[in-house]
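Content type CSV, C-alpha atoms, from the file coords-v4.csv:
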```
chain,number,residue,atom,x,y,z
A,239,MET,CA,16.2,25.4,0.1
A,240,SER,CA,13.6,22.7,0.9
A,241,LEU,CA,10.1,23.7,1.9
A,242,PRO,CA,8.6,22.3,5.1
A,243,ARG,CA,7.4,18.7,4.6
A,244,LEU,CA,3.7,18.6,3.5
A,245,LEU,CA,2.3,17.5,6.9
A,246,ASP,CA,4.7,19.2,9.2
A,247,GLY,CA,3.1,20.0,12.6
A,248,LEU,CA,0.5,17.2,12.4
A,249,LEU,CA,0.4,14.7,15.3
A,250,VAL,CA,-0.9,11.2,14.5
A,251,LEU,CA,-1.7,8.6,17.1
A,252,ASP,CA,-1.1,5.2,15.6
A,253,PHE,CA,-2.9,2.3,17.2
A,254,THR,CA,-2.2,0.0,14.3
A,255,ARG,CA,-0.4,-3.2,13.7
A,256,VAL,CA,0.7,-5.7,11.0
A,257,LEU,CA,0.1,-4.0,7.6
A,258,ALA,CA,-3.1,-2.1,6.6
A,259,GLY,CA,-2.9,0.5,9.4
A,260,PRO,CA,0.9,0.8,9.5
A,261,PHE,CA,1.2,1.3,5.8
A,262,CYS,CA,-1.2,4.2,6.0
A,263,THR,CA,0.6,5.8,9.0
A,264,MET,CA,3.9,5.3,7.2
A,265,ILE,CA,2.7,7.4,4.3
A,266,LEU,CA,1.7,10.1,6.8
A,267,ALA,CA,5.1,9.9,8.4
A,268,ASP,CA,6.8,10.2,4.9
A,269,LEU,CA,4.8,13.3,4.4
A,270,GLY,CA,6.1,14.9,7.6
A,271,ALA,CA,3.6,14.1,10.2
A,272,ARG,CA,4.8,13.2,13.7
A,273,VAL,CA,3.5,9.6,14.0
A,274,VAL,CA,3.4,8.1,17.5
A,275,LYS,CA,3.0,4.3,17.3
A,276,VAL,CA,1.3,3.1,20.4
A,277,GLU,CA,2.2,-0.6,21.0
A,278,PRO,CA,1.0,-3.1,23.6
A,279,PRO,CA,3.5,-4.9,25.9
A,280,GLY,CA,5.4,-7.2,23.6
A,281,GLY,CA,5.0,-4.9,20.7
A,282,ASP,CA,3.2,-5.0,17.3
A,283,GLU,CA,3.0,-8.7,16.4
A,284,ALA,CA,4.6,-7.8,13.1
A,285,ARG,CA,7.9,-7.4,15.0
A,286,HIS,CA,8.0,-11.2,15.1
A,287,TYR,CA,7.3,-11.7,11.4
A,288,GLY,CA,10.2,-12.8,9.2
A,289,PRO,CA,12.5,-12.6,7.5
A,290,MET,CA,14.5,-11.9,10.7
A,291,VAL,CA,18.0,-10.4,10.6
A,292,SER,CA,19.9,-10.0,13.8
A,293,GLU,CA,16.7,-10.8,15.6
A,294,ARG,CA,14.9,-7.9,14.0
A,295,SER,CA,11.9,-8.1,11.7
A,296,THR,CA,12.6,-6.8,8.2
A,297,TYR,CA,8.8,-7.1,7.6
A,298,PHE,CA,8.2,-4.6,10.5
A,299,ALA,CA,11.0,-2.3,9.3
A,300,SER,CA,9.5,-2.1,5.8
A,301,VAL,CA,6.2,-0.5,6.9
A,302,ASN,CA,7.0,1.5,10.0
A,303,ARG,CA,9.8,3.9,9.0
A,304,GLY,CA,9.7,7.5,10.3
A,305,LYS,CA,7.6,6.7,13.4
A,306,GLU,CA,8.1,6.9,17.2
A,307,SER,CA,7.2,4.0,19.4
A,308,ILE,CA,5.7,4.0,22.8
A,309,CYS,CA,4.3,1.2,24.9
A,310,LEU,CA,1.0,1.6,26.8
A,311,ASN,CA,-0.6,-1.3,28.6
A,312,LEU,CA,-4.2,-0.4,27.7
A,313,LYS,CA,-5.6,-3.0,30.1
A,314,ASP,CA,-4.6,-0.6,32.8
A,315,PRO,CA,-7.0,2.3,33.3
A,316,ARG,CA,-3.9,4.6,34.0
A,317,ALA,CA,-2.6,3.8,30.5
A,318,GLN,CA,-6.1,4.5,29.0
A,319,ALA,CA,-6.0,7.9,30.7
A,320,LEU,CA,-2.6,8.6,29.1
A,321,ALA,CA,-3.9,7.5,25.7
A,322,LEU,CA,-6.8,9.9,26.1
A,323,ARG,CA,-4.5,12.7,27.0
A,324,LEU,CA,-2.4,12.0,23.9
A,325,ALA,CA,-5.6,11.9,21.8
A,326,GLU,CA,-6.6,15.3,23.2
A,327,ARG,CA,-3.5,16.8,21.6
A,328,ALA,CA,-3.6,14.7,18.4
A,329,ASP,CA,-4.9,15.7,14.9
A,330,VAL,CA,-5.5,12.1,13.8
A,331,LEU,CA,-5.9,8.7,15.4
A,332,VAL,CA,-5.6,5.6,13.2
A,333,GLU,CA,-6.5,2.0,14.4
A,334,ASN,CA,-7.1,-1.3,12.6
A,335,PHE,CA,-8.4,-3.6,15.3
A,336,ARG,CA,-11.7,-5.6,15.0
A,337,PRO,CA,-14.7,-3.3,15.6
A,338,GLY,CA,-15.2,-2.8,19.3
A,339,THR,CA,-11.7,-3.6,20.4
A,340,LEU,CA,-10.5,-0.1,21.2
A,341,GLU,CA,-13.9,0.6,22.9
A,342,ARG,CA,-13.1,-2.3,25.3
A,343,LEU,CA,-9.6,-0.8,25.8
A,344,GLY,CA,-11.0,2.6,26.7
A,345,VAL,CA,-9.9,4.5,23.6
A,346,GLY,CA,-13.1,4.1,21.5
A,347,TYR,CA,-14.4,6.9,19.3
A,348,GLU,CA,-16.9,8.2,21.7
A,349,ARG,CA,-14.4,8.7,24.5
A,350,VAL,CA,-11.8,10.2,22.2
A,351,VAL,CA,-14.2,12.7,20.5
A,352,ALA,CA,-15.5,13.8,23.9
A,353,CYS,CA,-12.0,15.1,24.8
A,354,ASN,CA,-11.1,16.2,21.3
A,355,PRO,CA,-14.0,17.1,18.9
A,356,ARG,CA,-11.4,18.1,16.2
A,357,ILE,CA,-9.8,14.7,15.9
A,358,VAL,CA,-10.0,12.7,12.7
A,359,TYR,CA,-10.5,9.1,14.0
A,360,ALA,CA,-9.8,6.5,11.2
A,361,SER,CA,-10.8,2.9,11.7
A,362,VAL,CA,-9.6,0.3,9.2
A,363,SER,CA,-11.1,-3.2,9.6
A,364,GLY,CA,-11.7,-6.3,7.5
A,365,PHE,CA,-15.3,-5.6,6.7
A,366,GLY,CA,-16.1,-2.2,8.2
A,367,GLN,CA,-17.9,-1.1,11.4
A,368,THR,CA,-21.3,-2.1,10.1
A,369,GLY,CA,-22.9,-5.0,8.1
A,370,PRO,CA,-23.2,-8.7,8.7
A,371,TYR,CA,-19.5,-9.4,8.3
A,372,ARG,CA,-18.3,-6.7,10.7
A,373,ASP,CA,-17.0,-9.1,13.5
A,374,ARG,CA,-15.1,-11.3,11.2
A,375,GLY,CA,-11.3,-11.3,11.2
A,376,ALA,CA,-9.5,-10.7,8.0
A,377,TYR,CA,-6.1,-11.2,6.4
A,378,ASP,CA,-5.0,-10.2,2.9
A,379,VAL,CA,-5.7,-13.5,1.3
A,380,ILE,CA,-9.2,-13.5,2.6
A,381,ILE,CA,-9.8,-10.0,1.4
A,382,GLN,CA,-8.4,-10.7,-2.0
A,383,ALA,CA,-10.7,-13.7,-2.3
A,384,MET,CA,-13.9,-12.2,-0.9
A,385,GLY,CA,-13.3,-8.8,-2.7
A,386,GLY,CA,-13.4,-10.5,-6.1
A,387,LEU,CA,-9.7,-9.8,-7.0
A,388,MET,CA,-8.6,-13.4,-6.8
A,389,GLY,CA,-11.5,-14.5,-9.0
A,390,ILE,CA,-10.2,-12.4,-11.9
A,391,THR,CA,-6.5,-13.1,-11.4
A,392,GLY,CA,-4.3,-16.0,-12.5
A,393,PRO,CA,-3.6,-18.1,-15.6
A,394,GLU,CA,-6.5,-18.6,-18.0
A,395,THR,CA,-6.8,-22.3,-17.2
A,396,GLY,CA,-5.4,-22.2,-13.7
A,397,GLU,CA,-6.6,-21.7,-10.1
A,398,PRO,CA,-7.7,-18.3,-8.7
A,399,THR,CA,-4.5,-16.5,-7.7
A,400,ARG,CA,-3.5,-14.1,-5.0
A,401,VAL,CA,-1.7,-11.0,-6.3
A,402,GLY,CA,2.0,-11.2,-5.3
A,403,THR,CA,1.9,-8.3,-2.8
A,404,SER,CA,-0.6,-7.8,0.0
A,405,VAL,CA,-2.9,-5.5,-1.9
A,406,GLY,CA,-5.8,-6.6,0.4
A,407,ASP,CA,-4.1,-4.5,3.1
A,408,ILE,CA,-2.3,-1.9,1.0
A,409,ILE,CA,-5.3,-0.7,-1.0
A,410,PRO,CA,-7.3,0.0,2.1
A,411,ALA,CA,-4.3,1.8,3.5
A,412,LEU,CA,-4.2,4.1,0.5
A,413,TYR,CA,-7.9,4.8,0.7
A,414,THR,CA,-7.5,5.5,4.5
A,415,THR,CA,-4.8,8.0,3.8
A,416,VAL,CA,-6.9,9.7,1.1
A,417,ALA,CA,-9.8,9.9,3.5
A,418,ILE,CA,-7.7,11.3,6.4
A,419,LEU,CA,-6.4,14.1,4.2
A,420,ALA,CA,-9.9,14.9,3.0
A,421,ALA,CA,-11.2,14.9,6.5
A,422,LEU,CA,-8.4,17.3,7.6
A,423,ARG,CA,-9.4,19.6,4.8
A,424,GLN,CA,-13.0,19.5,6.0
A,425,ARG,CA,-11.9,20.1,9.6
A,426,ASP,CA,-10.1,23.2,8.4
A,427,THR,CA,-13.4,24.5,7.2
A,428,THR,CA,-15.8,23.3,9.9
A,429,GLY,CA,-13.6,23.0,12.9
A,430,GLN,CA,-15.0,19.5,13.5
A,431,GLY,CA,-13.3,16.1,13.1
A,432,VAL,CA,-15.0,13.0,11.8
A,433,ARG,CA,-15.1,9.2,12.2
A,434,LEU,CA,-13.8,7.4,9.1
A,435,ASP,CA,-14.8,3.8,8.5
A,436,ILE,CA,-12.7,1.9,5.9
A,437,GLY,CA,-13.5,-1.7,5.2
A,438,MET,CA,-10.7,-3.7,3.5
A,439,MET,CA,-13.2,-5.7,1.5
A,440,ASP,CA,-14.9,-2.5,0.4
A,441,ALA,CA,-11.6,-1.0,-0.8
A,442,VAL,CA,-10.7,-4.1,-2.8
A,443,VAL,CA,-14.1,-4.2,-4.4
A,444,ALA,CA,-13.6,-0.5,-5.3
A,445,ILE,CA,-10.5,-1.2,-7.4
A,446,THR,CA,-11.9,-4.1,-9.4
A,447,GLU,CA,-12.0,-1.6,-12.2
A,448,ASN,CA,-14.4,-2.5,-15.1
A,449,ALA,CA,-14.9,-6.1,-14.0
A,450,MET,CA,-18.3,-5.3,-12.5
A,451,ALA,CA,-19.2,-3.4,-15.7
A,452,ARG,CA,-18.3,-6.4,-17.7
A,453,TYR,CA,-20.5,-8.6,-15.5
A,454,TRP,CA,-23.4,-6.1,-15.8
A,455,ALA,CA,-23.1,-6.0,-19.6
A,456,SER,CA,-22.9,-9.8,-20.0
A,457,ARG,CA,-24.4,-11.2,-16.8
A,458,THR,CA,-21.4,-13.5,-16.8
A,459,SER,CA,-18.6,-13.2,-14.2
A,460,PRO,CA,-15.2,-12.4,-15.7
A,461,ARG,CA,-12.7,-15.2,-15.3
A,462,PRO,CA,-8.9,-15.1,-15.0
A,463,ILE,CA,-7.2,-14.5,-18.3
A,464,GLY,CA,-3.6,-14.4,-17.4
A,465,ASN,CA,-1.6,-11.3,-18.2
A,466,ARG,CA,-3.6,-10.0,-21.1
A,467,HIS,CA,-6.2,-7.3,-21.0
A,468,PRO,CA,-9.9,-8.2,-21.5
A,469,ALA,CA,-10.5,-5.4,-24.0
A,470,ILE,CA,-7.1,-4.3,-25.4
A,471,THR,CA,-5.0,-6.5,-27.7
A,472,PRO,CA,-2.0,-7.0,-27.8
A,473,PHE,CA,-1.5,-6.1,-24.2
A,474,SER,CA,0.4,-8.9,-22.4
A,475,THR,CA,3.7,-10.7,-21.8
A,476,TYR,CA,5.3,-12.6,-24.6
A,477,PRO,CA,8.3,-15.0,-24.6
A,478,SER,CA,11.6,-13.6,-25.8
A,479,ALA,CA,14.8,-15.5,-26.5
A,480,ASP,CA,15.9,-15.0,-22.9
A,481,GLY,CA,12.7,-14.4,-20.9
A,482,TYR,CA,9.7,-12.3,-21.5
A,483,VAL,CA,8.9,-8.9,-23.0
A,484,VAL,CA,5.8,-6.9,-22.2
A,485,VAL,CA,4.0,-5.2,-25.1
A,486,ALA,CA,1.0,-2.9,-24.9
A,487,ALA,CA,-0.1,-1.6,-28.3
A,488,GLY,CA,-3.3,0.1,-27.2
A,489,ASN,CA,-4.5,1.6,-30.5
A,490,ASN,CA,-4.3,0.9,-34.3
A,491,THR,CA,-1.4,3.2,-34.8
A,492,LEU,CA,0.7,1.4,-32.3
A,493,TRP,CA,-0.4,-1.9,-33.7
A,494,GLN,CA,0.8,-0.9,-37.2
A,495,ARG,CA,4.2,0.2,-35.8
A,496,LEU,CA,4.6,-3.0,-33.8
A,497,CYS,CA,4.0,-5.2,-36.9
A,498,GLN,CA,6.4,-3.2,-39.0
A,499,THR,CA,9.1,-3.1,-36.3
A,500,ILE,CA,9.1,-6.9,-35.6
A,501,GLY,CA,9.1,-7.7,-39.3
A,502,ARG,CA,5.5,-8.9,-39.5
A,503,PRO,CA,3.6,-6.6,-41.8
A,504,ASP,CA,1.5,-9.5,-42.7
A,505,LEU,CA,-0.2,-9.4,-39.3
A,506,ALA,CA,-1.2,-5.7,-40.0
A,507,ASP,CA,-2.8,-6.9,-43.2
A,508,ASP,CA,-4.6,-9.9,-41.7
A,509,ARG,CA,-8.4,-9.3,-41.6
A,510,ARG,CA,-8.6,-11.1,-38.2
A,511,PHE,CA,-6.5,-8.4,-36.6
A,512,ALA,CA,-7.7,-5.3,-38.5
A,513,THR,CA,-9.2,-3.7,-35.4
A,514,ASN,CA,-8.7,-3.9,-31.6
A,515,ASP,CA,-12.0,-5.7,-31.2
A,516,LEU,CA,-11.1,-8.3,-33.8
A,517,ARG,CA,-7.7,-8.7,-32.3
A,518,THR,CA,-9.3,-9.3,-28.9
A,519,VAL,CA,-11.7,-11.9,-30.4
A,520,HIS,CA,-8.8,-13.7,-32.1
A,521,VAL,CA,-6.4,-13.2,-29.2
A,522,ASP,CA,-5.3,-16.9,-29.2
A,523,ASP,CA,-4.3,-16.8,-32.8
A,524,LEU,CA,-2.5,-13.4,-32.4
A,525,THR,CA,-0.7,-14.6,-29.3
A,526,ARG,CA,0.7,-17.6,-31.2
A,527,GLU,CA,1.9,-15.4,-34.0
A,528,LEU,CA,3.5,-12.8,-31.8
A,529,SER,CA,5.1,-15.4,-29.5
A,530,ALA,CA,6.7,-17.1,-32.5
A,531,THR,CA,8.3,-13.9,-33.6
A,532,LEU,CA,9.2,-12.3,-30.3
A,533,SER,CA,10.9,-15.5,-29.1
A,534,THR,CA,13.6,-15.1,-31.8
A,535,ARG,CA,15.4,-12.1,-30.1
A,536,THR,CA,16.2,-11.1,-26.5
A,537,THR,CA,14.1,-8.9,-24.3
A,538,ASP,CA,16.7,-6.1,-24.4
A,539,GLU,CA,16.9,-6.2,-28.2
A,540,TRP,CA,13.1,-6.0,-28.5
A,541,ILE,CA,12.8,-3.2,-26.0
A,542,GLU,CA,15.5,-1.1,-27.9
A,543,VAL,CA,13.8,-1.3,-31.2
A,544,LEU,CA,10.2,-1.0,-30.0
A,545,LEU,CA,10.9,2.0,-27.8
A,546,ALA,CA,12.7,3.7,-30.7
A,547,VAL,CA,9.3,3.7,-32.6
A,548,GLY,CA,7.2,4.6,-29.6
A,549,VAL,CA,5.6,1.2,-28.9
A,550,PRO,CA,5.1,0.9,-25.1
A,551,CYS,CA,7.0,-2.1,-23.8
A,552,GLY,CA,9.2,-3.3,-20.9
A,553,ARG,CA,10.8,-6.2,-19.1
A,554,VAL,CA,9.4,-8.3,-16.2
A,555,ASN,CA,11.6,-7.0,-13.4
A,556,MET,CA,12.5,-9.0,-10.3
A,557,MET,CA,13.4,-7.3,-7.0
A,558,ALA,CA,17.1,-7.6,-7.9
A,559,ASP,CA,16.4,-5.6,-11.1
A,560,LEU,CA,14.6,-2.9,-9.1
A,561,ALA,CA,17.4,-2.6,-6.6
A,562,THR,CA,19.8,-1.5,-9.4
A,563,ASP,CA,17.4,0.3,-11.7
A,564,PRO,CA,18.9,3.7,-12.7
A,565,HIS,CA,15.5,5.4,-13.1
A,566,LEU,CA,14.3,4.4,-9.7
A,567,HIS,CA,17.6,5.6,-8.1
A,568,ALA,CA,17.3,8.9,-10.0
A,569,ARG,CA,13.8,9.4,-8.4
A,570,ASN,CA,14.8,8.4,-4.9
A,571,MET,CA,12.6,5.3,-5.1
A,572,ILE,CA,15.3,2.9,-3.9
A,573,VAL,CA,16.5,4.0,-0.5
A,574,GLU,CA,19.1,2.7,2.0
A,575,LEU,CA,17.9,3.6,5.5
A,576,GLU,CA,20.4,3.2,8.4
A,577,GLN,CA,18.2,0.8,10.4
A,578,PRO,CA,19.4,-0.1,14.0
A,579,GLY,CA,20.5,-3.7,14.1
A,580,LEU,CA,20.2,-4.1,10.3
A,581,GLY,CA,22.6,-1.5,8.9
A,582,PRO,CA,21.8,0.0,5.5
A,583,PHE,CA,18.3,-1.3,4.9
A,584,LEU,CA,17.0,-1.3,1.3
A,585,THR,CA,13.5,-0.1,1.0
A,586,PRO,CA,11.2,1.6,-1.5
A,587,GLY,CA,11.0,5.4,-1.2
A,588,THR,CA,8.0,7.6,-1.4
A,589,PRO,CA,6.4,8.0,-4.8
A,590,ILE,CA,5.1,11.5,-3.8
A,591,LYS,CA,7.1,14.2,-5.5
A,592,ALA,CA,6.5,17.9,-5.4
A,593,PRO,CA,8.5,21.1,-5.9
A,594,GLY,CA,10.5,21.8,-2.7
A,595,PHE,CA,9.2,18.6,-1.0
A,596,ASP,CA,12.1,16.7,0.5
A,597,ASP,CA,11.5,13.1,-0.6
A,598,ILE,CA,14.8,11.8,0.9
A,599,LEU,CA,13.8,9.4,3.7
A,600,THR,CA,16.2,9.4,6.7
A,601,ARG,CA,14.1,8.1,9.7
A,602,PRO,CA,14.1,4.3,10.1
A,603,SER,CA,11.5,2.2,11.9
A,604,PRO,CA,11.6,2.5,15.7
A,605,GLU,CA,12.9,0.1,18.2
A,606,PHE,CA,10.1,-1.2,20.5
A,607,ALA,CA,9.1,1.5,23.1
A,608,GLN,CA,12.1,3.6,22.0
A,609,HIS,CA,10.2,6.9,22.4
A,610,THR,CA,8.0,6.3,25.5
A,611,SER,CA,9.9,8.8,27.7
A,612,SER,CA,10.4,11.5,25.0
A,613,VAL,CA,6.7,11.4,23.9
A,614,LEU,CA,5.3,11.5,27.5
A,615,ARG,CA,7.7,14.3,28.3
A,616,GLU,CA,7.3,16.4,25.2
A,617,VAL,CA,3.6,15.9,24.5
A,618,LEU,CA,2.1,15.4,28.0
A,619,GLY,CA,4.7,17.3,30.0
A,620,LEU,CA,5.5,14.5,32.4
A,621,ASP,CA,8.7,14.6,34.3
A,622,GLU,CA,11.2,11.7,34.7
A,623,ALA,CA,9.9,10.8,38.1
A,624,ASP,CA,6.3,10.5,36.8
A,625,ILE,CA,7.6,8.3,33.9
A,626,ALA,CA,9.7,6.1,36.2
A,627,GLY,CA,6.6,5.6,38.4
A,628,LEU,CA,4.5,4.5,35.4
A,629,ARG,CA,7.2,2.1,34.3
A,630,ALA,CA,7.5,0.6,37.8
A,631,ALA,CA,3.8,0.0,37.8
A,632,ARG,CA,4.0,-1.6,34.3
A,633,VAL,CA,1.6,1.0,32.9
A,634,VAL,CA,4.2,1.9,30.2
A,635,GLU,CA,7.4,0.4,29.0
```
Entire entry expressed as C-alpha cells:
Amino acid sequence: MSLPRLLDGLLVLDFTRVLAGPFCTMILADLGARVVKVEPPGGDEARHYGPMVSERSTYFASVNRGKESICLNLKDPRAQALALRLAERADVLVENFRPGTLERLGVGYERVVACNPRIVYASVSGFGQTGPYRDRGAYDVIIQAMGGLMGITGPETGEPTRVGTSVGDIIPALYTTVAILAALRQRDTTGQGVRLDIGMMDAVVAITENAMARYWASRTSPRPIGNRHPAITPFSTYPSADGYVVVAAGNNTLWQRLCQTIGRPDLADDRRFATNDLRTVHVDDLTRELSATLSTRTTDEWIEVLLAVGVPCGRVNMMADLATDPHLHARNMIVELEQPGLGPFLTPGTPIKAPGFDDILTRPSPEFAQHTSSVLREVLGLDEADIAGLRAARVVE
C-alpha cells in the first residue's frame, strides 16, 4: 500500500509562467501538493510556444503536469480580492514576474502576508528583488551568458555555447523548490512564513562549480575546453567506429584498467601519463592516442568490455535512445501521460524516489481555466450563481 504523497495537503498558488516558475511548481505537484495555476486572460504565454500538436503546446504540457488552472483578470479589483482570499488559504505562493509586477496587480508580498502571515511567498526573477540589475528582463540564454556558464561551455576553439537545455531557468527552479521546502520546515517551528528571493543569475553562478576557484588560483578566467574535465584525465568523449564513447577514468587504478582493456599497456607505462596531473598536462597527446584506439571498435563493443572491468563509460544518448532505455523505464522515468488533445504524451517522470512514495504520474497539464469553477467552489465556497456572475463580468474565465 502506498503512503500519502510527500506534500499531500499543501496548497500552492502558482502565479508563474513560461519555465522557471512552472518547473518549480511542477515539482511540488509531482510531490503531491495541490497546485492552482492562476493564469491571466489568454493564458500563460507558453501555451502558444511550439511545437504545437492539435493546436496545443507540447512545451506547456511538458512543465505544467499535475496542476489545476484558473483564470483571474488581475486588472480588475474583484479578481485581486479573489486572489487574496485564495492566498489567505494557501501554504505557498510562487511567482516569476519582474520585480514589482504583482504589487501593481494587487497581489504583492505585503498585501498577501497581511492576510496570511504563515504563507511562504517565493519570487523568482532574472536578477532578484534587489541590486542594480533587478528591473532587467531575462531569458535562459541571457542568464547562461551573464551567469558565466556560457563562458566555460563549448568547443575548445569555438564560440561560447549555450547548454542544450534551458538550465538558466531550470536551475533557479530547483533552488526555489529547495528554498520553499526549507521555509516550510522553518514555518513548522516558528509559525511564520517568509519571503524568498531567487535570482536566476544568482542560481547559475552558484552552480559554476570550481570555475571560480580556478580563477582565484590562477587569476585567469577558465575557457571552454569541450567535453573534457579541467582536472581529471581521461574524462571525455572519444570517437568510436560508429559514433562516440564516453570514458571517465577518474583515478590511477581505473587508468591502468583502461589501458589494459583497450590493448594499450604502453600508455600506462608512458611517463607523460604516469599521474592524473601529468595526463591533464599532456591531454592533447593522450586524446590522440585514445582516439586512435577507440575508433577501431563500436561504442557498444567498448561499453561491454570496459564495464566488465569496472571502468565508467557510456554512450551519447539522443532523445530517441532515452525513450526506449530499459533502465529509465524500470525507474518510471519515461512516462506516457494521457494528455487532452495530445493522447499518450511522452514526458520525463520524477527522479524523486522514496519507500512507499508513489512516483507514477497520472495527472496531465490542465486546459486553460479548466478548474476555475471547482477551485472557487472548493477553496472559497462560492456557489454557481456567484461564479456565473464573475464570469459575466469578465473577472474570471
Exercise for review: For CA of Asn334 (chain A) and CA of Pro589 (chain A), quote the distance in Å rounded to one decimal.
Suggested key: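 These atoms are spaced 23.9 Å apart.
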Exercise for review: Take CA of Leu532 (chain A) and CA of Leu505 (chain A) and report the distance between them in Å, one decimal.
Suggested key: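 So the two atoms, CA of Leu532 (chain A) and CA of Leu505 (chain A), lie 13.3 Å apart.
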Practice item. Between A:Pro564, A:Pro337, A:Pro477, A:Gly344, single out the one closest to Ser533 (chain A), counting all atoms listed in the file. Key: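 Looking at the shortest contact to Ser533 (chain A), the residue is A:Pro477.
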Exercise for review: Show which residues sit within 7 Å of region 408-421 of chain A, as a PyMOL selection string. Count all atoms listed in the file, and ignore same-chain residues fewer than 6 positions away.
Suggested key: chain A and resi 258-259+261-262+358+432+436+438+441-442
Exercise for review: Quick one: pull the distance between CA of Arg243 (chain A) and CA of Gly270 (chain A), Å, one decimal.
Suggested key: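 About the pair CA of Arg243 (chain A) and CA of Gly270 (chain A): they are 5.0 Å apart.
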Study note, to complete from the structure: Counting only C-alpha atoms, the residue among A:Thr296, A:Leu614, A:Thr403, A:Phe335 that lies closest to Asp373 (chain A) is A:Phe335
Practice item. Would you mind listing what lies within 12 Å of Asp597 (chain A) as an NGL selection string, with only C-alpha atoms counted and same-chain residues fewer than 5 positions away left out? Key: :A and (240-244 or 265 or 267-270 or 568-573 or 586-592)
Please dump the current selection as a CSV table (one decimal), in the coordinates of the input; keep C-alpha atoms.
```
chain,number,residue,atom,x,y,z
A,240,SER,CA,13.6,22.7,0.9
A,241,LEU,CA,10.1,23.7,1.9
A,242,PRO,CA,8.6,22.3,5.1
A,243,ARG,CA,7.4,18.7,4.6
A,244,LEU,CA,3.7,18.6,3.5
A,265,ILE,CA,2.7,7.4,4.3
A,267,ALA,CA,5.1,9.9,8.4
A,268,ASP,CA,6.8,10.2,4.9
A,269,LEU,CA,4.8,13.3,4.4
A,270,GLY,CA,6.1,14.9,7.6
A,568,ALA,CA,17.3,8.9,-10.0
A,569,ARG,CA,13.8,9.4,-8.4
A,570,ASN,CA,14.8,8.4,-4.9
A,571,MET,CA,12.6,5.3,-5.1
A,572,ILE,CA,15.3,2.9,-3.9
A,573,VAL,CA,16.5,4.0,-0.5
A,586,PRO,CA,11.2,1.6,-1.5
A,587,GLY,CA,11.0,5.4,-1.2
A,588,THR,CA,8.0,7.6,-1.4
A,589,PRO,CA,6.4,8.0,-4.8
A,590,ILE,CA,5.1,11.5,-3.8
A,591,LYS,CA,7.1,14.2,-5.5
A,592,ALA,CA,6.5,17.9,-5.4
```
